[in-house]
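Everything below concerns the one structure shown next.
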Amino acid sequence: THTEDMPVSADVYWSAFRNFVKLQLQFEGHENVRLRKGFGLVGSVVSFYYDPTDLSEGQREMKLVENDDSTKTWRVEEATPNDLYKSYEMTIKVEGTTTAKVTISVRFVSAIKDPATRRQDIAYHMVHLLGARIRDILNYVVREKVGGKHRFELEVDCSREKLWGTVGNFSDVSWIREATHTVVKGIYRTIYFTKDRSMEVRLAWADTSDYLFVYEGDNSPDFLHCKYYRGRLQFFAVNPNKVKVTYDSTFLPAKDGPVDEFAKWFVPSIGTRINWLKDAFGGSKPSAQVPTPATGPPAFKKGAYSTVARGIVRGPLEDVWKVFRPFGRDCMEYWKIYDNMEIEDPGNDVVGCIRSFVTSKTKRKIKERLEWRDDDKRVEIYSLLSMEPGPPVAMTNVYTTVTMTEVGEKETEVKFECTFDVSVSFAVSRIQDNQKGAYMACINGLQQLFHSEVGTLEVVVGSASDLARTDGWFNADPYVVLAVNDGKPVSTKVCRATQSPIWDERFSMSVTSRTRNIVFTIMDRDTVGQDDIMGTANVNMDELTSGKEKKMALDVQGGGTLNVRLYLKMHDQPKEPEGEKLITSLAIPFLAPVAQSELDAIRNEFTNLIMSFLGKGQKYELSYMTRLRTHPDVALEEMPAACVPMPTAEMFTPLKAGRLMQRLMEFLGSQAQIMVRLAQVKGIWDPWKANFSGYLPANEKLIEEWQKDEEFCRQYLQGINPMLITVCKDQSQIPAEMLELVGQGKTTQQLMEENRLFIVDYAPMLGVPATPGKFFYAPIVLMYREELSGGKSRLSLLGIQLTRKKGQNEVYTPETAKTQPNKYMFAKMHVVSADNNVHQFLYHLGYTHLAMEPIAVSLHTHLPPDHPIHRLLLPHFKDTIGINYLARHSLVSRIFPITDPMFATSTVGGLVMFLNEWRKYNFMDMSFPEELKRRGFDEAGSDGLKNYFYRDDGFKLWNTYKTYVTGMVNKAYATDAAVAADQALQRFCHMIEGPGQLHGFPKGIRTKQLLIDCLTNIIFNVSAQHSAINFPQYDYYSFIPNRPAQLSIPMPDGPNDMTESAVLEALPPPQFTALQVLLSYMLSMPSQTAITGVEAMKEVYPEVHQQFNKQLLDLSKDIKARNEKLKKEGKVAYTYLDPENVAMSIDI
């Protein structure tokens, strides 16, 4: 039990207990809060993860058993026993009137078996947790009920690790202004300052994984002038040498009075102390480190074998060496394949120190010693001390020398050379490959931190007019801050007391290889407190032409107009040696050092293809993708096996190749006079309609309706990706922040009980690495079945949550649209952008194209041409291997994947997403009926959702396929024993499930029913499923705002709305949108081999063929009649599963 007096009234303190779920979000350490049962009242159950266990103990569940307003008593208990506690009960009682007396007590039966660990947990409760929980609640009411809060943000020019090493150390106060020393007793420390002043604070929370440090103090009327104070610091790495600091300050004035008045002088005072971090940490130089003694490098025995890797980092030698030089944790900022890298005690980064780390993939523990470092020559030598578990073969004398050489004013060659001995020579090549992968990961990580200058930009900031007021009726003191990407910002002078300032100042700024936007931020200089943001404006670099000045009147987001002149001058590109032209012209700068090796691999593959074409042909063989040297941590070999090299028989026919070329020429022909059309645009969205001309028709209805919520929801049922909407039957799926949403007067709980609540969770996006200049989220969308008059209904939007941060996350609802319409629209655009990426990489490329290829290979390898299953399946794999071969060398090419600049995830991120989900994939569980069942849908439509045509037409087509396959199997196999005895069939299955890596495919088939289910699943996947998620692409992707593949800015913070122009600027640059339109047009090319043309059984089992053909034509007739009725009602027809439109194979 623990009791404290709180500096607020009992009523104010008790107000925190009104919402059970929101209260859980205030507790430091509670992550991923979900409501499992109830709706926040007594009996409700919430679940969360708790940081001190680092998620290792799994999820905890807490049940609210008492919440009594009359006695101000709140009590919770552990809902179920877990690894920490057999039982657990916490009670909080609030007494008093003007001052709250709060008592917290905890009773538990520990489940921890180790006595020492159990004692530590008891001590943790007594010393820290009880008091921390009371003050977490106090912090909440002071911030949200009293209003004593302020957030500071600043950037400090040092590494995050260095800053955290000081601030995160409770015994170190060197970062606190005027502090001389400290005395620490448990969770308390007394900080001593100059002039004989001191202050006691306590540690509230510290989390190394999140770089989070929270401290608090109270009863300091003479020093902080507060009854209660809390500071919450968190660090975010901007780059290896810059950290963003957020400091959330909570304060309750010592003297009663308006908090706003107190904040006017208190906030600037605290701000001065926080800004001191810049002075304390912003000026570190490599020269300040201990120099290496000039005694020369150590002599060591060079091994018989060596590995060399080198590459160019486009940054000045001194800067690259400065980033690389630290031997410990700082390396993790760019060397992403390692975890937990630390220098062992005493922790000094000097020659002779030892670092230990863990490899991310294999979890191997490695120790290395720094043998030599020469800051003048930029040379480092380190040796391998140990590796646990050890490698399969013994390695000795392992020394790595890293040398950096200046090859240009702003280019540095980084060379790794490792010499080693090994016990058996056959392992050398494998060791060298692994070492090269690790070294190139370092070089490429360094490269991604530096931007090479490709030109200069002269900016003249002229004047502004009609700027928004930030201080009521008073005129502002405006100035402009300019920034190009993450370059150092520059500022204009301050113009006093005017809303129409004239600056007329010129700036010269560096343009790098990754520069995309120039950002103008107009600020209002305040003499007290922080300067206010008056508005922002952006210019996309694609709007500028090198050598030509451009005058622009920019709309300011926030109000007003900014007048600027811009002059872009791109540097002339140096001539390149003939043999390097292809490599150095690539648009991905960090790829150049490894492009030649990838080109060699493709050249060998192409040579084999030509030789097989001229010779006896190529066998159908499975091959595994190899890891990219640019991303050695991505296990591409775990993907479904592919047919490489491509057999000659799989080459496109001249007709097919001609149709593809015709489609391309139609697109190019339609681009004629596009500049004229762009010049004639009037509306803000009209530029995206300029692509539609000639052979490219516009989807006029979609262009008219795309911003409406009704259309947003309709596309989940009838659009390009009907694979994600799920009936919400478990409230634990709903984020805590979305629980209070209401639709048609019903809460989410009531809607769920009425089977009217639906959820879309983009969790696959969570594990995707970020790409500079692109922003994406893993949103959660709630929708509900809105009941209309006349027994009708439709799917309506309830809310969108983009982020999954600790604490509160913002939710965007139709109510948001009333006050922030552009922000609301932008939230929906971020959702459909995530949907675009998940659809293309997971459901389209992954689950159809790649997953089905092993079946095609095994078909040709193990089933003879006269085998009934070979006859059945052969037409369903027409052109599949060929189109996948083309995709591997274009869409996801190892050299220049065209999906890389197009998608938010970039190519590697998309493949990472697919790999993460592929490890959970099961072929039979992903069959059409089972996959819908998992999402809460069935053939009877018990979910009550109308017009879900993918479900309705899909079930009819599935049943038709199953009847067809059943007829064939009954003809070919009299009994289950006949199936089991078919050795060719068993080998067919074994190759697909084993070497083919198609998870969940039967290892063997011994019954007719399993064979029917499996064959039906195959045929549906390669025909109906692929058609449903491929052929709608042009309809939904060609108008870019409807489903952008990427967005270049995140959701803006703050209460103000965005401007439409800001939303427009977030859309992809024109050259990438043209690519999206082209791909959607190419991939929507109608198939010439519809399912109605299948004649596989016509000769062998004619009655089976006739029945199948009749059922397909009857279904086609029914769907056409339904679609005609929809058109007459002014609705959108769903044509993609009409058998006459369903391709018999994945042929595009």
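Note on naming: chains are A, B, ... as they come in the structure tokens, residues start from 1 per chain, ligands start from 1 in the order shown.
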
Residues within 9 Å of Ile734 of chain A, please, as a PDB file with N, CA and C atoms, in the first residue's frame. Count only C-alpha atoms; anything in the same chain fewer than 3 positions from it doesn't count.
ATOM      1  N   ARG A  34      -6.013  -2.746 -25.840  1.00  0.00           N
ATOM      2  CA  ARG A  34      -7.205  -3.191 -26.551  1.00  0.00           C
ATOM      3  C   ARG A  34      -8.296  -3.512 -25.538  1.00  0.00           C
ATOM      4  N   LEU A  35      -9.545  -3.190 -25.879  1.00  0.00           N
ATOM      5  CA  LEU A  35     -10.681  -3.550 -25.045  1.00  0.00           C
ATOM      6  C   LEU A  35     -11.139  -4.943 -25.450  1.00  0.00           C
ATOM      7  N   ARG A  36     -11.010  -5.900 -24.555  1.00  0.00           N
ATOM      8  CA  ARG A  36     -11.337  -7.288 -24.857  1.00  0.00           C
ATOM      9  C   ARG A  36     -12.794  -7.622 -24.579  1.00  0.00           C
ATOM     10  N   CYS A 728     -16.223  -7.594 -38.064  1.00  0.00           N
ATOM     11  CA  CYS A 728     -15.606  -7.400 -36.745  1.00  0.00           C
ATOM     12  C   CYS A 728     -16.465  -8.084 -35.690  1.00  0.00           C
ATOM     13  N   ASP A 730     -14.851  -9.295 -32.682  1.00  0.00           N
ATOM     14  CA  ASP A 730     -14.081  -9.276 -31.433  1.00  0.00           C
ATOM     15  C   ASP A 730     -13.628  -7.835 -31.169  1.00  0.00           C
ATOM     16  N   GLN A 731     -14.113  -7.242 -30.085  1.00  0.00           N
ATOM     17  CA  GLN A 731     -13.787  -5.841 -29.832  1.00  0.00           C
ATOM     18  C   GLN A 731     -12.306  -5.627 -29.537  1.00  0.00           C
ATOM     19  N   GLU A 737      -8.695   3.933 -29.043  1.00  0.00           N
ATOM     20  CA  GLU A 737      -9.133   5.274 -29.424  1.00  0.00           C
ATOM     21  C   GLU A 737     -10.370   5.258 -30.312  1.00  0.00           C
ATOM     22  N   MET A 738     -10.724   4.106 -30.905  1.00  0.00           N
ATOM     23  CA  MET A 738     -11.859   4.048 -31.826  1.00  0.00           C
ATOM     24  C   MET A 738     -13.115   3.463 -31.177  1.00  0.00           C
ATOM     25  N   LEU A 739     -13.003   3.069 -29.919  1.00  0.00           N
ATOM     26  CA  LEU A 739     -14.128   2.396 -29.273  1.00  0.00           C
ATOM     27  C   LEU A 739     -15.356   3.288 -29.131  1.00  0.00           C
ATOM     28  N   THR A 748     -19.819   1.178 -31.228  1.00  0.00           N
ATOM     29  CA  THR A 748     -19.143   0.063 -31.907  1.00  0.00           C
ATOM     30  C   THR A 748     -19.558  -1.271 -31.299  1.00  0.00           C
ATOM     31  N   ILE A 759     -14.129  -4.197 -40.256  1.00  0.00           N
ATOM     32  CA  ILE A 759     -12.806  -3.634 -39.998  1.00  0.00           C
ATOM     33  C   ILE A 759     -11.848  -4.014 -41.117  1.00  0.00           C
ATOM     34  N   ILE A 780      -5.917   1.434 -39.632  1.00  0.00           N
ATOM     35  CA  ILE A 780      -7.069   0.599 -39.252  1.00  0.00           C
ATOM     36  C   ILE A 780      -8.314   1.398 -39.613  1.00  0.00           C
ATOM     37  N   LEU A 782     -12.576   1.424 -39.697  1.00  0.00           N
ATOM     38  CA  LEU A 782     -13.845   0.860 -39.241  1.00  0.00           C
ATOM     39  C   LEU A 782     -14.964   1.356 -40.144  1.00  0.00           C
TER      40      LEU A 782
END

*asked:* I want to know what sits within 6 Å of segment 480-485 of chain A, based on only C-alpha atoms, with residues of the same chain fewer than 5 positions away left out; could you give that as a ChimeraX atom specification?
replied: /A:490-492,515,518-522

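The shortest atom-to-atom distance to Met440 of chain A, with only C-alpha atoms taken into account, belongs to A:Tyr334 out of A:Tyr334, A:Tyr948, A:Phe20, A:Phe988.
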
Mind the document's chain letters and residue numbers, and return as a PDB file with N, CA, C and O atoms, in the first residue's frame the residues of segment 82-252 of chain A that DSSP labels alpha helix (DSSP H).
ATOM      1  N   PRO A 115      13.373 -17.245  -7.056  1.00  0.00           N
ATOM      2  CA  PRO A 115      13.194 -16.420  -5.851  1.00  0.00           C
ATOM      3  C   PRO A 115      13.795 -15.025  -5.996  1.00  0.00           C
ATOM      4  O   PRO A 115      13.196 -14.043  -5.550  1.00  0.00           O
ATOM      5  N   ALA A 116      14.968 -14.911  -6.593  1.00  0.00           N
ATOM      6  CA  ALA A 116      15.611 -13.601  -6.724  1.00  0.00           C
ATOM      7  C   ALA A 116      14.787 -12.685  -7.615  1.00  0.00           C
ATOM      8  O   ALA A 116      14.576 -11.506  -7.303  1.00  0.00           O
ATOM      9  N   THR A 117      14.301 -13.209  -8.736  1.00  0.00           N
ATOM     10  CA  THR A 117      13.473 -12.408  -9.647  1.00  0.00           C
ATOM     11  C   THR A 117      12.165 -12.024  -8.976  1.00  0.00           C
ATOM     12  O   THR A 117      11.661 -10.907  -9.156  1.00  0.00           O
ATOM     13  N   ARG A 118      11.621 -12.938  -8.182  1.00  0.00           N
ATOM     14  CA  ARG A 118      10.369 -12.641  -7.486  1.00  0.00           C
ATOM     15  C   ARG A 118      10.575 -11.508  -6.485  1.00  0.00           C
ATOM     16  O   ARG A 118       9.737 -10.599  -6.383  1.00  0.00           O
ATOM     17  N   ARG A 119      11.670 -11.525  -5.749  1.00  0.00           N
ATOM     18  CA  ARG A 119      11.948 -10.452  -4.795  1.00  0.00           C
ATOM     19  C   ARG A 119      12.139  -9.114  -5.512  1.00  0.00           C
ATOM     20  O   ARG A 119      11.698  -8.065  -5.025  1.00  0.00           O
ATOM     21  N   GLN A 120      12.785  -9.160  -6.679  1.00  0.00           N
ATOM     22  CA  GLN A 120      12.973  -7.933  -7.455  1.00  0.00           C
ATOM     23  C   GLN A 120      11.627  -7.345  -7.873  1.00  0.00           C
ATOM     24  O   GLN A 120      11.427  -6.122  -7.843  1.00  0.00           O
ATOM     25  N   ASP A 121      10.690  -8.206  -8.253  1.00  0.00           N
ATOM     26  CA  ASP A 121       9.374  -7.727  -8.683  1.00  0.00           C
ATOM     27  C   ASP A 121       8.625  -7.100  -7.515  1.00  0.00           C
ATOM     28  O   ASP A 121       7.968  -6.057  -7.666  1.00  0.00           O
ATOM     29  N   ILE A 122       8.719  -7.697  -6.347  1.00  0.00           N
ATOM     30  CA  ILE A 122       8.060  -7.135  -5.160  1.00  0.00           C
ATOM     31  C   ILE A 122       8.673  -5.775  -4.830  1.00  0.00           C
ATOM     32  O   ILE A 122       7.958  -4.801  -4.552  1.00  0.00           O
ATOM     33  N   ALA A 123      10.000  -5.698  -4.878  1.00  0.00           N
ATOM     34  CA  ALA A 123      10.666  -4.425  -4.604  1.00  0.00           C
ATOM     35  C   ALA A 123      10.290  -3.374  -5.632  1.00  0.00           C
ATOM     36  O   ALA A 123      10.110  -2.194  -5.297  1.00  0.00           O
ATOM     37  N   TYR A 124      10.153  -3.787  -6.883  1.00  0.00           N
ATOM     38  CA  TYR A 124       9.765  -2.852  -7.948  1.00  0.00           C
ATOM     39  C   TYR A 124       8.394  -2.247  -7.659  1.00  0.00           C
ATOM     40  O   TYR A 124       8.173  -1.037  -7.826  1.00  0.00           O
ATOM     41  N   LEU A 130       3.845   1.636  -7.441  1.00  0.00           N
ATOM     42  CA  LEU A 130       2.650   2.193  -6.799  1.00  0.00           C
ATOM     43  C   LEU A 130       2.629   3.716  -6.894  1.00  0.00           C
ATOM     44  O   LEU A 130       1.629   4.314  -7.298  1.00  0.00           O
ATOM     45  N   GLY A 131       3.736   4.337  -6.524  1.00  0.00           N
ATOM     46  CA  GLY A 131       3.801   5.795  -6.635  1.00  0.00           C
ATOM     47  C   GLY A 131       3.711   6.267  -8.070  1.00  0.00           C
ATOM     48  O   GLY A 131       3.095   7.298  -8.373  1.00  0.00           O
ATOM     49  N   ALA A 132       4.334   5.508  -8.999  1.00  0.00           N
ATOM     50  CA  ALA A 132       4.319   5.896 -10.412  1.00  0.00           C
ATOM     51  C   ALA A 132       2.909   5.891 -10.969  1.00  0.00           C
ATOM     52  O   ALA A 132       2.529   6.788 -11.746  1.00  0.00           O
ATOM     53  N   ARG A 133       2.086   4.905 -10.581  1.00  0.00           N
ATOM     54  CA  ARG A 133       0.724   4.846 -11.101  1.00  0.00           C
ATOM     55  C   ARG A 133      -0.102   6.035 -10.606  1.00  0.00           C
ATOM     56  O   ARG A 133      -0.878   6.628 -11.356  1.00  0.00           O
ATOM     57  N   ILE A 134       0.054   6.394  -9.341  1.00  0.00           N
ATOM     58  CA  ILE A 134      -0.671   7.550  -8.805  1.00  0.00           C
ATOM     59  C   ILE A 134      -0.315   8.809  -9.590  1.00  0.00           C
ATOM     60  O   ILE A 134      -1.182   9.619  -9.946  1.00  0.00           O
ATOM     61  N   ARG A 135       0.982   8.966  -9.872  1.00  0.00           N
ATOM     62  CA  ARG A 135       1.428  10.199 -10.530  1.00  0.00           C
ATOM     63  C   ARG A 135       1.182  10.168 -12.038  1.00  0.00           C
ATOM     64  O   ARG A 135       1.090  11.222 -12.659  1.00  0.00           O
ATOM     65  N   ASP A 136       1.094   8.978 -12.630  1.00  0.00           N
ATOM     66  CA  ASP A 136       0.653   8.902 -14.031  1.00  0.00           C
ATOM     67  C   ASP A 136      -0.743   9.504 -14.171  1.00  0.00           C
ATOM     68  O   ASP A 136      -1.043  10.213 -15.137  1.00  0.00           O
ATOM     69  N   ILE A 137      -1.590   9.200 -13.200  1.00  0.00           N
ATOM     70  CA  ILE A 137      -2.961   9.728 -13.220  1.00  0.00           C
ATOM     71  C   ILE A 137      -2.946  11.231 -12.966  1.00  0.00           C
ATOM     72  O   ILE A 137      -3.661  12.000 -13.615  1.00  0.00           O
ATOM     73  N   LEU A 138      -2.110  11.672 -12.018  1.00  0.00           N
ATOM     74  CA  LEU A 138      -1.976  13.114 -11.767  1.00  0.00           C
ATOM     75  C   LEU A 138      -1.497  13.833 -13.024  1.00  0.00           C
ATOM     76  O   LEU A 138      -2.030  14.906 -13.381  1.00  0.00           O
ATOM     77  N   ASN A 139      -0.520  13.274 -13.693  1.00  0.00           N
ATOM     78  CA  ASN A 139      -0.003  13.878 -14.930  1.00  0.00           C
ATOM     79  C   ASN A 139      -1.125  14.035 -15.957  1.00  0.00           C
ATOM     80  O   ASN A 139      -1.233  15.056 -16.637  1.00  0.00           O
ATOM     81  N   TYR A 140      -1.982  13.033 -16.049  1.00  0.00           N
ATOM     82  CA  TYR A 140      -3.100  13.048 -16.999  1.00  0.00           C
ATOM     83  C   TYR A 140      -4.071  14.191 -16.679  1.00  0.00           C
ATOM     84  O   TYR A 140      -4.461  14.964 -17.564  1.00  0.00           O
ATOM     85  N   VAL A 141      -4.467  14.322 -15.412  1.00  0.00           N
ATOM     86  CA  VAL A 141      -5.471  15.342 -15.093  1.00  0.00           C
ATOM     87  C   VAL A 141      -4.871  16.747 -15.176  1.00  0.00           C
ATOM     88  O   VAL A 141      -5.573  17.690 -15.567  1.00  0.00           O
ATOM     89  N   ARG A 160      22.090  10.175 -31.728  1.00  0.00           N
ATOM     90  CA  ARG A 160      21.088   9.821 -30.718  1.00  0.00           C
ATOM     91  C   ARG A 160      21.722   8.998 -29.595  1.00  0.00           C
ATOM     92  O   ARG A 160      21.391   9.176 -28.416  1.00  0.00           O
ATOM     93  N   GLU A 161      22.642   8.110 -29.965  1.00  0.00           N
ATOM     94  CA  GLU A 161      23.269   7.260 -28.956  1.00  0.00           C
ATOM     95  C   GLU A 161      24.069   8.091 -27.962  1.00  0.00           C
ATOM     96  O   GLU A 161      24.058   7.828 -26.759  1.00  0.00           O
ATOM     97  N   LYS A 162      24.770   9.107 -28.480  1.00  0.00           N
ATOM     98  CA  LYS A 162      25.571   9.937 -27.587  1.00  0.00           C
ATOM     99  C   LYS A 162      24.676  10.711 -26.625  1.00  0.00           C
ATOM    100  O   LYS A 162      24.937  10.777 -25.410  1.00  0.00           O
ATOM    101  N   LEU A 163      23.613  11.318 -27.138  1.00  0.00           N
ATOM    102  CA  LEU A 163      22.725  12.099 -26.288  1.00  0.00           C
ATOM    103  C   LEU A 163      22.035  11.211 -25.261  1.00  0.00           C
ATOM    104  O   LEU A 163      21.923  11.561 -24.084  1.00  0.00           O
ATOM    105  N   TRP A 164      21.581  10.042 -25.716  1.00  0.00           N
ATOM    106  CA  TRP A 164      20.904   9.120 -24.791  1.00  0.00           C
ATOM    107  C   TRP A 164      21.882   8.592 -23.734  1.00  0.00           C
ATOM    108  O   TRP A 164      21.505   8.393 -22.581  1.00  0.00           O
ATOM    109  N   GLY A 165      23.134   8.402 -24.115  1.00  0.00           N
ATOM    110  CA  GLY A 165      24.124   7.920 -23.168  1.00  0.00           C
ATOM    111  C   GLY A 165      24.285   8.855 -21.981  1.00  0.00           C
ATOM    112  O   GLY A 165      24.646   8.416 -20.878  1.00  0.00           O
ATOM    113  N   THR A 166      24.008  10.126 -22.178  1.00  0.00           N
ATOM    114  CA  THR A 166      24.094  11.097 -21.080  1.00  0.00           C
ATOM    115  C   THR A 166      22.736  11.289 -20.402  1.00  0.00           C
ATOM    116  O   THR A 166      22.598  11.103 -19.196  1.00  0.00           O
ATOM    117  N   VAL A 167      21.722  11.653 -21.183  1.00  0.00           N
ATOM    118  CA  VAL A 167      20.411  11.960 -20.604  1.00  0.00           C
ATOM    119  C   VAL A 167      19.780  10.717 -19.997  1.00  0.00           C
ATOM    120  O   VAL A 167      19.121  10.784 -18.953  1.00  0.00           O
TER     121      VAL A 167
END

If we count only C-alpha atoms, what is near segment 775-778 of chain A at a cut-off of 8 Å, once residues fewer than 5 positions away on the same chain are taken out, given as a PDB file with C-alpha atoms, in the first residue's frame?
ATOM      1  CA  ASP A 761      -6.423  -3.772 -40.666  1.00  0.00           C
ATOM      2  CA  TYR A 762      -3.313  -3.005 -42.709  1.00  0.00           C
ATOM      3  CA  ALA A 763      -1.027  -4.807 -40.251  1.00  0.00           C
ATOM      4  CA  PRO A 764       1.170  -6.224 -43.079  1.00  0.00           C
ATOM      5  CA  MET A 765       2.555  -2.685 -43.517  1.00  0.00           C
ATOM      6  CA  LEU A 766       3.965  -2.671 -39.975  1.00  0.00           C
ATOM      7  CA  ALA A 770      10.808   3.265 -44.448  1.00  0.00           C
ATOM      8  CA  LEU A 802      -3.417   5.880 -39.215  1.00  0.00           C
ATOM      9  CA  THR A 803      -0.871   5.499 -36.406  1.00  0.00           C
ATOM     10  CA  ARG A 804      -0.225   2.897 -33.708  1.00  0.00           C
ATOM     11  CA  HIS A 830      -3.111   7.474 -46.947  1.00  0.00           C
ATOM     12  CA  VAL A 831      -5.441   4.510 -46.417  1.00  0.00           C
ATOM     13  CA  SER A 833      -2.125   4.267 -50.661  1.00  0.00           C
ATOM     14  CA  ALA A 834      -1.470   1.533 -48.084  1.00  0.00           C
ATOM     15  CA  ALA A 904       5.607   3.846 -50.969  1.00  0.00           C
ATOM     16  CA  THR A 905       7.255   0.665 -49.724  1.00  0.00           C
ATOM     17  CA  GLN A1046       2.841   6.704 -52.618  1.00  0.00           C
ATOM     18  CA  LEU A1047       2.539  10.028 -50.808  1.00  0.00           C
ATOM     19  CA  SER A1048       5.462  12.318 -50.022  1.00  0.00           C
ATOM     20  CA  ILE A1049       4.298  13.913 -46.755  1.00  0.00           C
ATOM     21  CA  PRO A1050       2.821  12.481 -43.541  1.00  0.00           C
TER      22      PRO A1050
END

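The space separating atom CA of Met1085 of chain A from atom CA of Asp1118 of chain A comes to 24.1 Å.
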
*Could you name the residues that touch Leu212 of chain A at 8 Å or less, counting only C-alpha atoms, but leaving out those on the same chain fewer than 2 positions away, as a PyMOL selection string?*
chain A and resi 168+205-210+214+232-235

Would you put the residues from that selection into a file with C-alpha atoms, as a short mmCIF file (atom, residue, chain, number, x, y, z; two decimals), in the first residue's frame?
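So selection-v6.cif came out as:
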data_model
loop_
_atom_site.label_atom_id
_atom_site.label_comp_id
_atom_site.auth_asym_id
_atom_site.auth_seq_id
_atom_site.Cartn_x
_atom_site.Cartn_y
_atom_site.Cartn_z
CA GLY A 168 19.38 8.34 -20.12
CA TRP A 205 10.11 6.00 -16.41
CA ALA A 206 13.01 5.08 -18.65
CA ASP A 207 12.88 2.96 -21.80
CA THR A 208 16.13 2.37 -23.66
CA SER A 209 14.42 0.77 -26.67
CA ASP A 210 12.32 3.91 -27.23
CA VAL A 214 10.61 10.68 -17.78
CA ARG A 232 9.16 13.64 -20.71
CA LEU A 233 12.12 13.48 -23.13
CA GLN A 234 12.23 11.28 -26.20
CA PHE A 235 14.87 11.13 -28.94
#

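Taking atom CA of Pro865 of chain A and atom CA of His844 of chain A as endpoints, the distance between them is 29.3 Å.
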
*Of the candidates A:Ser1061, A:Ser890, A:Asn1109, A:Ser1080, which one gets nearest to Leu554 of chain A if we count only C-alpha atoms?*
A:Ser1061
